$ cat run-v1.tsv   # TSV, C-alpha atoms and all ligand atoms
chain	number	residue	atom	x	y	z
A	1	MET	CA	25.72	-7.49	34.90
A	2	ALA	CA	24.72	-9.14	31.66
A	3	SER	CA	21.10	-9.26	32.66
A	4	LEU	CA	21.26	-5.61	33.71
A	5	CYS	CA	22.66	-4.67	30.27
A	6	ARG	CA	19.98	-6.70	28.59
A	7	GLN	CA	17.33	-4.95	30.62
A	8	ILE	CA	18.63	-1.52	29.70
A	9	VAL	CA	18.95	-2.36	26.01
A	10	ARG	CA	15.53	-3.94	25.88
A	11	GLY	CA	13.91	-1.03	27.66
A	12	ASN	CA	15.53	1.50	25.36
A	13	THR	CA	14.84	-0.31	22.10
A	14	LEU	CA	11.20	-0.82	23.03
A	15	ARG	CA	10.88	2.84	23.82
A	16	ARG	CA	12.64	3.76	20.60
A	17	VAL	CA	10.37	1.54	18.52
A	18	LEU	CA	7.23	2.98	20.03
A	19	PHE	CA	8.23	6.60	20.44
A	20	SER	CA	11.37	7.37	18.47
A	21	SER	CA	10.66	11.05	18.93
A	22	ALA	CA	10.96	10.83	22.68
A	23	SER	CA	10.40	14.55	23.14
A	24	SER	CA	7.09	14.58	21.30
A	25	ALA	CA	5.91	11.65	23.39
A	26	ARG	CA	6.71	13.46	26.59
A	27	ARG	CA	5.31	16.82	25.54
A	28	GLY	CA	1.76	17.68	26.44
A	29	TYR	CA	-1.11	16.12	24.58
A	30	ALA	CA	-2.48	19.29	23.05
A	31	ASP	CA	0.62	20.80	21.46
A	32	GLN	CA	1.65	17.93	19.24
A	33	MET	CA	2.15	19.07	15.67
A	34	MET	CA	2.47	17.28	12.39
A	35	PRO	CA	5.89	17.84	10.81
A	36	ASP	CA	6.12	20.72	8.34
A	37	PRO	CA	5.86	19.14	4.85
A	38	LEU	CA	9.02	20.83	3.56
A	39	GLU	CA	11.03	20.19	6.73
A	40	HIS	CA	9.80	16.61	6.73
A	41	ALA	CA	10.89	15.90	3.14
A	42	THR	CA	14.46	15.02	2.19
A	43	GLY	CA	16.47	13.91	-0.85
A	44	MET	CA	14.88	14.10	-4.27
A	45	GLU	CA	11.45	14.55	-2.75
A	46	ARG	CA	12.63	17.75	-1.07
A	47	LYS	CA	14.41	19.00	-4.20
A	48	GLU	CA	11.22	18.51	-6.14
A	49	LEU	CA	9.20	20.43	-3.55
A	50	LEU	CA	11.74	23.28	-3.51
A	51	ALA	CA	11.71	23.47	-7.31
A	52	MET	CA	7.92	23.67	-7.35
A	53	GLU	CA	7.99	26.33	-4.67
A	54	ALA	CA	10.41	28.31	-6.87
A	55	GLY	CA	7.91	28.13	-9.73
A	56	ASN	CA	9.49	25.27	-11.66
A	57	ASP	CA	6.84	22.65	-12.27
A	58	ASP	CA	9.14	20.48	-14.39
A	59	PRO	CA	12.42	20.06	-12.45
A	60	PHE	CA	13.44	16.90	-14.31
A	61	ASN	CA	12.66	18.18	-17.85
A	62	MET	CA	10.09	15.50	-18.42
A	63	LYS	CA	7.77	17.71	-20.45
A	64	VAL	CA	7.88	18.40	-24.18
A	65	LEU	CA	10.11	21.39	-25.04
A	66	LYS	CA	8.52	24.31	-26.82
A	67	LYS	CA	10.37	24.90	-30.08
A	68	SER	CA	11.98	28.27	-30.64
A	69	ALA	CA	12.67	29.81	-34.04
A	70	GLY	CA	15.16	27.02	-34.63
A	71	THR	CA	17.50	28.95	-36.89
A	72	ARG	CA	21.25	28.47	-36.70
A	73	GLU	CA	21.57	31.69	-34.71
A	74	ASN	CA	18.59	31.01	-32.52
A	75	PRO	CA	18.43	27.22	-31.95
A	76	THR	CA	16.07	25.43	-29.62
A	77	LEU	CA	17.98	24.97	-26.39
A	78	VAL	CA	18.07	21.43	-24.97
A	79	PRO	CA	19.00	21.27	-21.29
A	80	SER	CA	21.05	18.29	-20.17
A	81	CYS	CA	23.39	17.40	-17.33
A	82	PHE	CA	25.23	14.98	-19.59
A	83	ASP	CA	27.42	15.53	-22.65
A	84	ALA	CA	24.66	14.56	-25.05
A	85	ARG	CA	20.92	14.08	-25.18
A	86	ILE	CA	18.53	12.40	-27.60
A	87	VAL	CA	15.99	14.79	-29.06
A	88	GLY	CA	12.78	13.76	-30.79
A	89	CYS	CA	11.90	16.41	-33.32
A	90	ILE	CA	8.26	16.74	-34.34
A	91	CYS	CA	9.24	18.27	-37.64
A	92	GLU	CA	5.80	19.61	-38.52
A	93	GLU	CA	2.65	19.93	-36.47
A	94	HIS	CA	0.79	17.06	-38.14
A	95	SER	CA	3.78	14.78	-38.42
A	96	THR	CA	2.93	11.16	-37.58
A	97	VAL	CA	6.53	10.19	-36.82
A	98	VAL	CA	9.17	11.59	-34.52
A	99	THR	CA	12.66	12.18	-35.89
A	100	TRP	CA	15.27	11.18	-33.34
A	101	LEU	CA	18.69	12.75	-33.20
A	102	TRP	CA	21.61	13.03	-30.79
A	103	VAL	CA	22.62	16.53	-29.78
A	104	HIS	CA	26.17	16.79	-28.42
A	105	LYS	CA	27.74	19.41	-26.20
A	106	ASP	CA	29.28	22.36	-28.13
A	107	HIS	CA	27.97	20.96	-31.43
A	108	PRO	CA	24.61	22.46	-32.41
A	109	ARG	CA	22.80	20.07	-34.72
A	110	ARG	CA	20.28	20.50	-37.52
A	111	CYS	CA	17.37	18.13	-37.97
A	112	GLU	CA	16.38	16.91	-41.47
A	113	CYS	CA	13.58	19.45	-41.41
A	114	GLY	CA	16.04	22.32	-40.92
A	115	HIS	CA	15.41	22.95	-37.24
A	116	TRP	CA	18.50	23.63	-35.13
A	117	TYR	CA	19.12	22.26	-31.63
A	118	LYS	CA	21.80	23.16	-29.12
A	119	LEU	CA	22.76	21.44	-25.91
A	120	ILE	CA	23.02	23.63	-22.83
A	121	GLU	CA	24.23	22.65	-19.42
A	122	LYS	CA	21.47	22.08	-16.91
A	123	GLU	CA	21.87	22.75	-13.25
A	124	LEU	CA	21.14	19.70	-11.13
A	125	PRO	CA	17.90	19.98	-9.26
B	1	MET	CA	24.91	10.88	-7.38
B	2	LYS	CA	26.64	12.78	-10.16
B	3	ASN	CA	24.40	13.72	-13.07
B	4	PHE	CA	21.33	12.44	-11.29
B	5	ASN	CA	18.56	14.16	-13.15
B	6	HIS	CA	15.45	12.05	-13.13
B	7	PRO	CA	12.57	11.48	-10.73
B	8	TYR	CA	12.79	7.68	-10.76
B	9	HIS	CA	13.76	5.60	-7.77
B	10	LEU	CA	16.53	3.21	-8.78
B	11	VAL	CA	16.44	0.73	-5.93
B	12	ASP	CA	19.53	-0.63	-4.21
B	13	TYR	CA	20.41	-4.30	-4.20
B	14	SER	CA	18.33	-6.04	-1.56
B	15	PRO	CA	18.46	-9.55	-0.09
B	16	TRP	CA	14.76	-9.56	0.88
B	17	PRO	CA	13.27	-10.88	-2.38
B	18	LEU	CA	15.57	-13.90	-2.06
B	19	THR	CA	14.92	-14.46	1.66
B	20	SER	CA	11.17	-14.03	1.02
B	21	ALA	CA	11.30	-16.69	-1.68
B	22	ILE	CA	13.21	-19.04	0.64
B	23	GLY	CA	10.76	-18.20	3.43
B	24	VAL	CA	7.58	-18.97	1.50
B	25	LEU	CA	9.10	-22.15	0.02
B	26	THR	CA	9.97	-23.31	3.53
B	27	LEU	CA	6.52	-22.30	4.76
B	28	VAL	CA	4.61	-24.16	2.05
B	29	SER	CA	6.81	-27.25	2.47
B	30	GLY	CA	6.23	-27.09	6.22
B	31	MET	CA	2.49	-26.86	5.67
B	32	VAL	CA	2.56	-29.94	3.42
B	33	LYS	CA	4.33	-31.75	6.28
B	34	TRP	CA	1.78	-30.40	8.73
B	35	PHE	CA	-1.19	-31.48	6.58
B	36	HIS	CA	0.34	-34.98	6.52
B	37	ASN	CA	0.41	-35.01	10.33
B	38	PHE	CA	4.14	-34.52	10.77
B	39	ASN	CA	5.41	-31.97	13.29
B	40	LEU	CA	5.19	-28.19	12.90
B	41	ASN	CA	8.95	-27.51	12.92
B	42	LEU	CA	9.33	-26.60	9.24
B	43	THR	CA	6.13	-24.51	9.31
B	44	ILE	CA	7.45	-22.50	12.25
B	45	LEU	CA	10.81	-22.01	10.52
B	46	GLY	CA	9.01	-20.89	7.36
B	47	TYR	CA	6.91	-18.41	9.32
B	48	LEU	CA	10.03	-17.07	11.03
B	49	ILE	CA	11.93	-16.51	7.75
B	50	THR	CA	8.89	-15.02	6.00
B	51	LEU	CA	7.98	-12.67	8.85
B	52	LEU	CA	11.60	-11.48	9.23
B	53	SER	CA	11.81	-10.82	5.49
B	54	MET	CA	8.50	-8.95	5.51
B	55	TYR	CA	9.58	-6.80	8.42
B	56	GLN	CA	12.95	-5.92	6.94
B	57	TRP	CA	11.71	-5.36	3.38
B	58	TRP	CA	8.95	-2.99	4.44
B	59	ARG	CA	11.28	-1.33	6.95
B	60	ASP	CA	13.63	-0.61	4.03
B	61	ILE	CA	10.76	0.84	1.99
B	62	CYS	CA	9.86	3.17	4.88
B	63	ARG	CA	13.49	4.25	5.04
B	64	GLU	CA	13.71	4.82	1.28
B	65	GLY	CA	10.49	6.78	1.17
B	66	THR	CA	10.59	8.79	4.37
B	67	LEU	CA	14.23	9.02	5.42
B	68	GLN	CA	15.99	9.07	2.02
B	69	GLY	CA	13.35	11.02	0.10
B	70	ASN	CA	13.28	8.67	-2.89
B	71	HIS	CA	9.52	8.84	-3.28
B	72	THR	CA	9.06	11.73	-5.69
B	73	ILE	CA	5.64	12.60	-7.12
B	74	LEU	CA	6.23	10.25	-10.06
B	75	VAL	CA	7.32	7.37	-7.80
B	76	THR	CA	4.26	7.90	-5.61
B	77	LYS	CA	2.07	7.74	-8.72
B	78	GLY	CA	3.61	4.34	-9.40
B	79	LEU	CA	2.86	3.25	-5.84
B	80	ARG	CA	-0.75	4.38	-6.28
B	81	TRP	CA	-1.15	2.39	-9.49
B	82	GLY	CA	0.44	-0.60	-7.78
B	83	MET	CA	-2.07	-0.46	-4.93
B	84	ILE	CA	-5.00	0.06	-7.35
B	85	LEU	CA	-3.98	-2.97	-9.40
B	86	PHE	CA	-3.42	-5.05	-6.25
B	87	ILE	CA	-6.89	-4.23	-4.89
B	88	THR	CA	-8.38	-4.95	-8.33
B	89	SER	CA	-6.82	-8.40	-8.22
B	90	GLU	CA	-8.26	-8.86	-4.72
B	91	VAL	CA	-11.73	-7.94	-6.06
B	92	PHE	CA	-11.47	-10.80	-8.57
B	93	PHE	CA	-10.19	-13.11	-5.84
B	94	PHE	CA	-13.40	-12.54	-3.86
B	95	LEU	CA	-15.50	-12.57	-7.03
B	96	SER	CA	-14.59	-16.25	-7.45
B	97	PHE	CA	-15.93	-17.09	-3.98
B	98	PHE	CA	-19.16	-15.22	-4.67
B	99	TRP	CA	-19.40	-17.07	-7.98
B	100	ALA	CA	-19.10	-20.39	-6.16
B	101	PHE	CA	-21.73	-19.28	-3.65
B	102	PHE	CA	-24.30	-18.13	-6.22
B	103	HIS	CA	-23.61	-21.10	-8.46
B	104	SER	CA	-24.49	-23.41	-5.58
B	105	SER	CA	-27.28	-21.42	-3.94
B	106	LEU	CA	-29.32	-20.21	-6.94
B	107	SER	CA	-30.07	-23.75	-8.12
B	108	PRO	CA	-29.40	-26.02	-5.15
B	109	ASN	CA	-28.63	-29.63	-6.05
B	110	ILE	CA	-30.78	-32.63	-5.23
B	111	GLU	CA	-28.04	-33.74	-2.81
B	112	VAL	CA	-28.69	-30.76	-0.54
B	113	GLY	CA	-32.47	-31.04	-0.82
B	114	THR	CA	-32.95	-28.53	-3.69
B	115	THR	CA	-33.22	-25.84	-1.08
B	116	TRP	CA	-30.97	-23.10	0.30
B	117	PRO	CA	-29.78	-23.21	3.02
B	118	PRO	CA	-29.44	-26.98	2.57
B	119	ILE	CA	-31.54	-29.36	4.65
B	120	GLY	CA	-30.04	-29.83	8.09
B	121	ILE	CA	-28.05	-26.56	8.04
B	122	MET	CA	-28.84	-24.02	10.73
B	123	PRO	CA	-27.48	-20.70	9.47
B	124	PHE	CA	-26.67	-17.70	11.63
B	125	ASN	CA	-29.37	-15.16	12.41
B	126	PRO	CA	-28.21	-12.22	10.28
B	127	PHE	CA	-29.71	-9.69	12.69
B	128	GLN	CA	-27.53	-10.68	15.63
B	129	ILE	CA	-23.69	-10.64	15.55
B	130	PRO	CA	-23.44	-10.25	11.73
B	131	LEU	CA	-25.49	-7.04	11.91
B	132	LEU	CA	-23.32	-5.75	14.76
B	133	ASN	CA	-20.26	-6.55	12.65
B	134	THR	CA	-21.75	-4.59	9.76
B	135	ILE	CA	-22.23	-1.59	12.03
B	136	ILE	CA	-18.66	-1.96	13.38
B	137	LEU	CA	-17.13	-1.99	9.91
B	138	ILE	CA	-19.22	0.93	8.63
B	139	THR	CA	-18.24	2.90	11.75
B	140	SER	CA	-14.58	2.07	11.14
B	141	GLY	CA	-15.00	3.45	7.61
B	142	ILE	CA	-16.14	6.72	9.19
B	143	THR	CA	-13.32	6.84	11.77
B	144	ILE	CA	-10.64	6.23	9.11
B	145	THR	CA	-12.05	9.15	7.13
B	146	TRP	CA	-11.81	11.21	10.32
B	147	ALA	CA	-8.13	10.20	10.60
B	148	HIS	CA	-7.51	11.05	6.93
B	149	HIS	CA	-9.04	14.51	7.26
B	150	ALA	CA	-7.01	15.07	10.42
B	151	ILE	CA	-3.71	14.25	8.68
B	152	MET	CA	-4.60	16.52	5.74
B	153	ASN	CA	-5.30	19.29	8.25
B	154	ASN	CA	-1.99	18.81	10.08
B	155	ASN	CA	-3.80	17.58	13.19
B	156	PHE	CA	-1.47	15.07	14.85
B	157	ASN	CA	-3.70	14.11	17.79
B	158	GLN	CA	-6.92	13.59	15.88
B	159	MET	CA	-5.08	11.50	13.30
B	160	LYS	CA	-3.84	9.40	16.22
B	161	GLN	CA	-7.27	9.10	17.80
B	162	GLY	CA	-9.13	8.39	14.55
B	163	LEU	CA	-6.61	5.77	13.48
B	164	LEU	CA	-6.52	4.07	16.89
B	165	THR	CA	-10.33	3.94	16.97
B	166	THR	CA	-10.32	2.30	13.52
B	167	ILE	CA	-7.75	-0.28	14.61
B	168	LEU	CA	-9.71	-1.11	17.77
B	169	LEU	CA	-12.92	-1.50	15.76
B	170	GLY	CA	-11.02	-3.81	13.40
B	171	PHE	CA	-9.83	-6.03	16.26
B	172	TYR	CA	-13.32	-5.96	17.80
B	173	PHE	CA	-14.71	-7.25	14.50
B	174	THR	CA	-12.13	-10.04	14.44
B	175	ILE	CA	-12.94	-11.07	18.01
B	176	LEU	CA	-16.69	-11.19	17.25
B	177	GLN	CA	-16.07	-13.25	14.10
B	178	GLY	CA	-13.92	-15.58	16.22
B	179	PHE	CA	-16.77	-16.08	18.70
B	180	GLU	CA	-19.18	-16.61	15.81
B	181	TYR	CA	-16.92	-19.32	14.35
B	182	ILE	CA	-16.60	-21.07	17.72
B	183	GLU	CA	-20.39	-21.02	18.18
B	184	ALA	CA	-21.16	-22.08	14.59
B	185	PRO	CA	-23.53	-25.08	14.36
B	186	PHE	CA	-21.96	-26.13	11.03
B	187	SER	CA	-18.36	-26.55	9.84
B	188	ILE	CA	-16.48	-26.11	6.57
B	189	ALA	CA	-17.09	-29.84	6.01
B	190	ASP	CA	-20.90	-29.50	6.25
B	191	SER	CA	-22.11	-29.51	2.65
B	192	ILE	CA	-21.54	-26.83	0.02
B	193	TYR	CA	-23.11	-24.34	2.44
B	194	GLY	CA	-20.30	-24.72	4.97
B	195	SER	CA	-17.66	-24.74	2.22
B	196	THR	CA	-18.78	-21.53	0.53
B	197	PHE	CA	-19.59	-19.85	3.85
B	198	PHE	CA	-16.22	-20.45	5.50
B	199	MET	CA	-14.22	-19.94	2.30
B	200	ALA	CA	-15.74	-16.50	1.73
B	201	THR	CA	-16.03	-15.26	5.32
B	202	GLY	CA	-12.71	-16.88	6.32
B	203	PHE	CA	-10.75	-15.11	3.58
B	204	HIS	CA	-12.58	-11.91	4.44
B	205	GLY	CA	-11.59	-12.32	8.10
B	206	LEU	CA	-7.97	-12.88	7.06
B	207	HIS	CA	-8.14	-9.65	5.05
B	208	VAL	CA	-9.55	-7.78	8.05
B	209	ILE	CA	-6.59	-9.00	10.13
B	210	ILE	CA	-4.13	-7.94	7.39
B	211	GLY	CA	-5.88	-4.55	7.08
B	212	SER	CA	-5.77	-4.04	10.86
B	213	LEU	CA	-2.03	-4.80	10.90
B	214	PHE	CA	-1.48	-2.43	7.95
B	215	LEU	CA	-3.30	0.31	9.90
B	216	LEU	CA	-1.36	-0.55	13.06
B	217	ILE	CA	1.92	-0.09	11.15
B	218	CYS	CA	0.60	3.30	9.97
B	219	TYR	CA	-0.19	4.16	13.59
B	220	ILE	CA	3.35	3.34	14.74
B	221	ARG	CA	4.78	5.29	11.78
B	222	HIS	CA	2.57	8.25	12.62
B	223	ILE	CA	3.73	8.23	16.25
B	224	ASN	CA	7.29	8.28	14.87
B	225	ASN	CA	6.57	11.33	12.67
B	226	HIS	CA	6.90	9.42	9.40
B	227	PHE	CA	3.97	11.30	7.87
B	228	SER	CA	3.29	14.90	6.92
B	229	MET	CA	0.20	16.49	5.41
B	230	ASN	CA	1.39	15.69	1.87
B	231	HIS	CA	3.56	12.64	2.56
B	232	HIS	CA	1.38	9.81	3.82
B	233	PHE	CA	0.67	7.45	0.93
B	234	GLY	CA	1.30	4.43	3.17
B	235	PHE	CA	-1.68	5.50	5.22
B	236	GLU	CA	-3.81	6.19	2.15
B	237	ALA	CA	-3.03	2.74	0.78
B	238	ALA	CA	-4.06	1.23	4.10
B	239	ALA	CA	-7.28	3.27	3.99
B	240	TRP	CA	-8.05	2.11	0.45
B	241	TYR	CA	-7.46	-1.46	1.54
B	242	TRP	CA	-9.67	-0.99	4.59
B	243	HIS	CA	-12.54	0.40	2.48
B	244	PHE	CA	-12.17	-2.55	0.13
B	245	VAL	CA	-12.44	-5.00	3.04
B	246	ASP	CA	-15.45	-3.03	4.27
B	247	VAL	CA	-17.23	-3.25	0.91
B	248	VAL	CA	-16.53	-6.98	0.62
B	249	TRP	CA	-18.18	-7.43	4.02
B	250	LEU	CA	-21.30	-5.55	2.87
B	251	PHE	CA	-21.62	-7.95	-0.09
B	252	LEU	CA	-20.97	-10.92	2.19
B	253	TYR	CA	-23.60	-9.73	4.63
B	254	ILE	CA	-26.24	-9.01	2.01
B	255	SER	CA	-25.76	-12.15	-0.05
B	256	ILE	CA	-24.47	-14.90	2.25
B	257	TYR	CA	-25.78	-13.91	5.70
B	258	TRP	CA	-29.06	-12.23	4.76
B	259	TRP	CA	-30.26	-13.38	1.31
B	260	GLY	CA	-28.70	-16.84	1.74
B	261	ASN	CA	-30.59	-17.33	4.97
C	301	ZN	ZN	12.84	17.92	-37.40

$ encode --input "run-v1.tsv" --output "structure tokens"
Amino acid sequence: MASLCRQIVRGNTLRRVLFSSASSARRGYADQMMPDPLEHATGMERKELLAMEAGNDDPFNMKVLKKSAGTRENPTLVPSCFDARIVGCICEEHSTVVTWLWVHKDHPRRCECGHWYKLIEKELP
Amino acid sequence: MKNFNHPYHLVDYSPWPLTSAIGVLTLVSGMVKWFHNFNLNLTILGYLITLLSMYQWWRDICREGTLQGNHTILVTKGLRWGMILFITSEVFFFLSFFWAFFHSSLSPNIEVGTTWPPIGIMPFNPFQIPLLNTIILITSGITITWAHHAIMNNNFNQMKQGLLTTILLGFYFTILQGFEYIEAPFSIADSIYGSTFFMATGFHGLHVIIGSLFLLICYIRHINNHFSMNHHFGFEAAAWYWHFVDVVWLFLYISIYWWGN
């Protein structure tokens, strides 16, 4: 009995190691396909692909934000999925330093240069 | 995964770095014992621990990349840089052996008869098995490109065929080098010629074996649908490595087998 079990287990694991997609191994030689890239991807990789497909080439907000007018009424919007985010303000075009400031939820903040920033909630990718 | 908004892969705790360290320590201690003519027990244990750690660590990486989707574009860029830097370090590794070879062969010492190859050394005829090996490796470079184009074109079967051909050519090369070593009329102990020859070609042969295994893993992963037309960096890394091994052989052939003859 034990040896029979061992035989079955060994046979199955070997088969699983070599051809885990048993169906594709048994299907004809000619009709084997590569997986569809989007179907194949999962997790963050898939979310990234979906975002790009939807026209968003920066799903994690890694790129520099374009400043808006930056007045109190029309602040530059800073997306974040937390309650606060650090912003580096390039106060003028030729500035050689970056001014860092925290921007908190519901509290628009003004940089030394007069530019306003406001935190907005960001949907998770 | 609340508030997870970045493309980085924060890895989970893993026991494999620790077991790898234990494994290689055991292995090197076992080899010291072996070199001092004790038994092989500790060496075998070291191999066992190291191989198990390697298998499980890389298995986890396949799971993280393919089955958990942690390898975003940014993470893959990091993997690419990692492989580039690794191969660069390998280039310098082989550079040191070529340095030793040219140092010794360009101005041969009085002890070896001020001639290269040294007096009493019968080198291989470069136009026999070494030339065949050159052809085998260049052909394998072509077949791996065939496999790469197949995977980029979504062609499962041709990827399989191209990759399998490359692996078989790799093992064929290893077998021929094995025969050549058995037939060699000189050993690693026969003057600076034997030392530089076997150091350089031996490490190259080891790299061919590693490259063949890397490609074999890619083959098994391909059979198991781990790759898609834009998710196959493991294969690309193996291909880069294979080309590197190929180029090293060309330099070995030209300088050690042909010019050094
Ligand atoms: Zn500012």

$ atom_distance --input "run-v1.tsv" --atom1 "atom CA of A:Ser80" --atom2 "atom CA of A:Lys66"
15.4 Å

$ closest_residue --input "run-v1.tsv" --among "A:Val103, A:Leu119, A:Met62, A:Ile90" --to "ligand ZN 301 (chain C)" --atoms "all atoms listed in the file"
A:Ile90

$ atom_distance --input "run-v1.tsv" --atom1 "atom CA of A:Gly114" --atom2 "atom CA of A:Cys89"
10.5 Å

$ interface_residues --input "run-v1.tsv" --of "chain B" --to "chain A" --cutoff "9 Å" --atoms "only C-alpha atoms" --output "number ranges by chain"
B: 2-7, 65-73, 151, 154-157, 220-221, 223-231

$ residues_near_ligand --input "run-v1.tsv" --ligand "ligand ZN 301 (chain C)" --cutoff "8 Å" --atoms "only C-alpha atoms and all ligand atoms" --output "PyMOL selection string"
chain A and resi 88-92+98-99+110-115

$ residues_around --input "run-v1.tsv" --residues "stretch 74-76 of chain A" --least-positions-apart "4" --cutoff "10 Å" --atoms "all atoms listed in the file" --output "list of chain:residue names"
A:Leu65, A:Lys66, A:Lys67, A:Ser68, A:Ala69, A:Gly70, A:Pro108, A:Arg109, A:Arg110, A:His115, A:Trp116, A:Tyr117, A:Lys118, A:Leu119, A:Ile120

$ write_last_selection --input "run-v1.tsv" --atoms "C-alpha atoms" --output "PDB file, in the coordinates of the input"
ATOM      1  CA  LEU A  65      10.110  21.390 -25.040  1.00  0.00           C
ATOM      2  CA  LYS A  66       8.520  24.310 -26.820  1.00  0.00           C
ATOM      3  CA  LYS A  67      10.370  24.900 -30.080  1.00  0.00           C
ATOM      4  CA  SER A  68      11.980  28.270 -30.640  1.00  0.00           C
ATOM      5  CA  ALA A  69      12.670  29.810 -34.040  1.00  0.00           C
ATOM      6  CA  GLY A  70      15.160  27.020 -34.630  1.00  0.00           C
ATOM      7  CA  PRO A 108      24.610  22.460 -32.410  1.00  0.00           C
ATOM      8  CA  ARG A 109      22.800  20.070 -34.720  1.00  0.00           C
ATOM      9  CA  ARG A 110      20.280  20.500 -37.520  1.00  0.00           C
ATOM     10  CA  HIS A 115      15.410  22.950 -37.240  1.00  0.00           C
ATOM     11  CA  TRP A 116      18.500  23.630 -35.130  1.00  0.00           C
ATOM     12  CA  TYR A 117      19.120  22.260 -31.630  1.00  0.00           C
ATOM     13  CA  LYS A 118      21.800  23.160 -29.120  1.00  0.00           C
ATOM     14  CA  LEU A 119      22.760  21.440 -25.910  1.00  0.00           C
ATOM     15  CA  ILE A 120      23.020  23.630 -22.830  1.00  0.00           C
TER      16      ILE A 120
END

$ closest_residue --input "run-v1.tsv" --among "B:Thr43, B:Thr174, B:Thr165, B:Thr114" --to "B:Ile129" --atoms "all atoms listed in the file"
B:Thr174

$ atom_distance --input "run-v1.tsv" --atom1 "atom CA of B:Pro108" --atom2 "atom CA of B:Glu90"
27.2 Å

$ residues_near_point --input "run-v1.tsv" --point "(-30.9, -24.2, -3.8)" --cutoff "6 Å" --atoms "only C-alpha atoms" --output "list in words"
Ser105, Leu106, Ser107, Pro108, Thr114, Thr115 and Trp116 of chain B

$ closest_residue --input "run-v1.tsv" --among "B:Met199, B:Ile87, B:Ile110, B:Leu131" --to "B:His243" --atoms "only C-alpha atoms"
B:Ile87

$ closest_residue --input "run-v1.tsv" --among "B:Ile256, B:Leu215, B:Val112, B:Met54" --to "B:Trp240" --atoms "only C-alpha atoms"
B:Leu215

$ residues_around --input "run-v1.tsv" --residues "stretch 136-150 of chain B" --least-positions-apart "5" --cutoff "7 Å" --atoms "all atoms listed in the file" --output "VMD selection string"
chain B and resid 155 158 to 159 162 to 163 165 to 166 169 173 239 243 246

$ residues_near_point --input "run-v1.tsv" --point "(-17.7, -12.7, 15.8)" --cutoff "12 Å" --atoms "all atoms listed in the file" --output "list in words"
Phe124, Pro126, Gln128, Ile129, Pro130, Leu131, Leu132, Asn133, Thr134, Ile136, Gly170, Phe171, Tyr172, Phe173, Thr174, Ile175, Leu176, Gln177, Gly178, Phe179, Glu180, Tyr181, Ile182, Glu183, Ala184, Thr201, Gly202 and Gly205 of chain B

$ closest_residue --input "run-v1.tsv" --among "B:Val32, B:Gly82, B:Phe198, B:Thr76" --to "B:Tyr8" --atoms "all atoms listed in the file"
B:Thr76

$ closest_residue --input "run-v1.tsv" --among "B:Phe203, B:Phe233, B:Tyr47, B:Trp81" --to "B:Trp249" --atoms "only C-alpha atoms"
B:Phe203
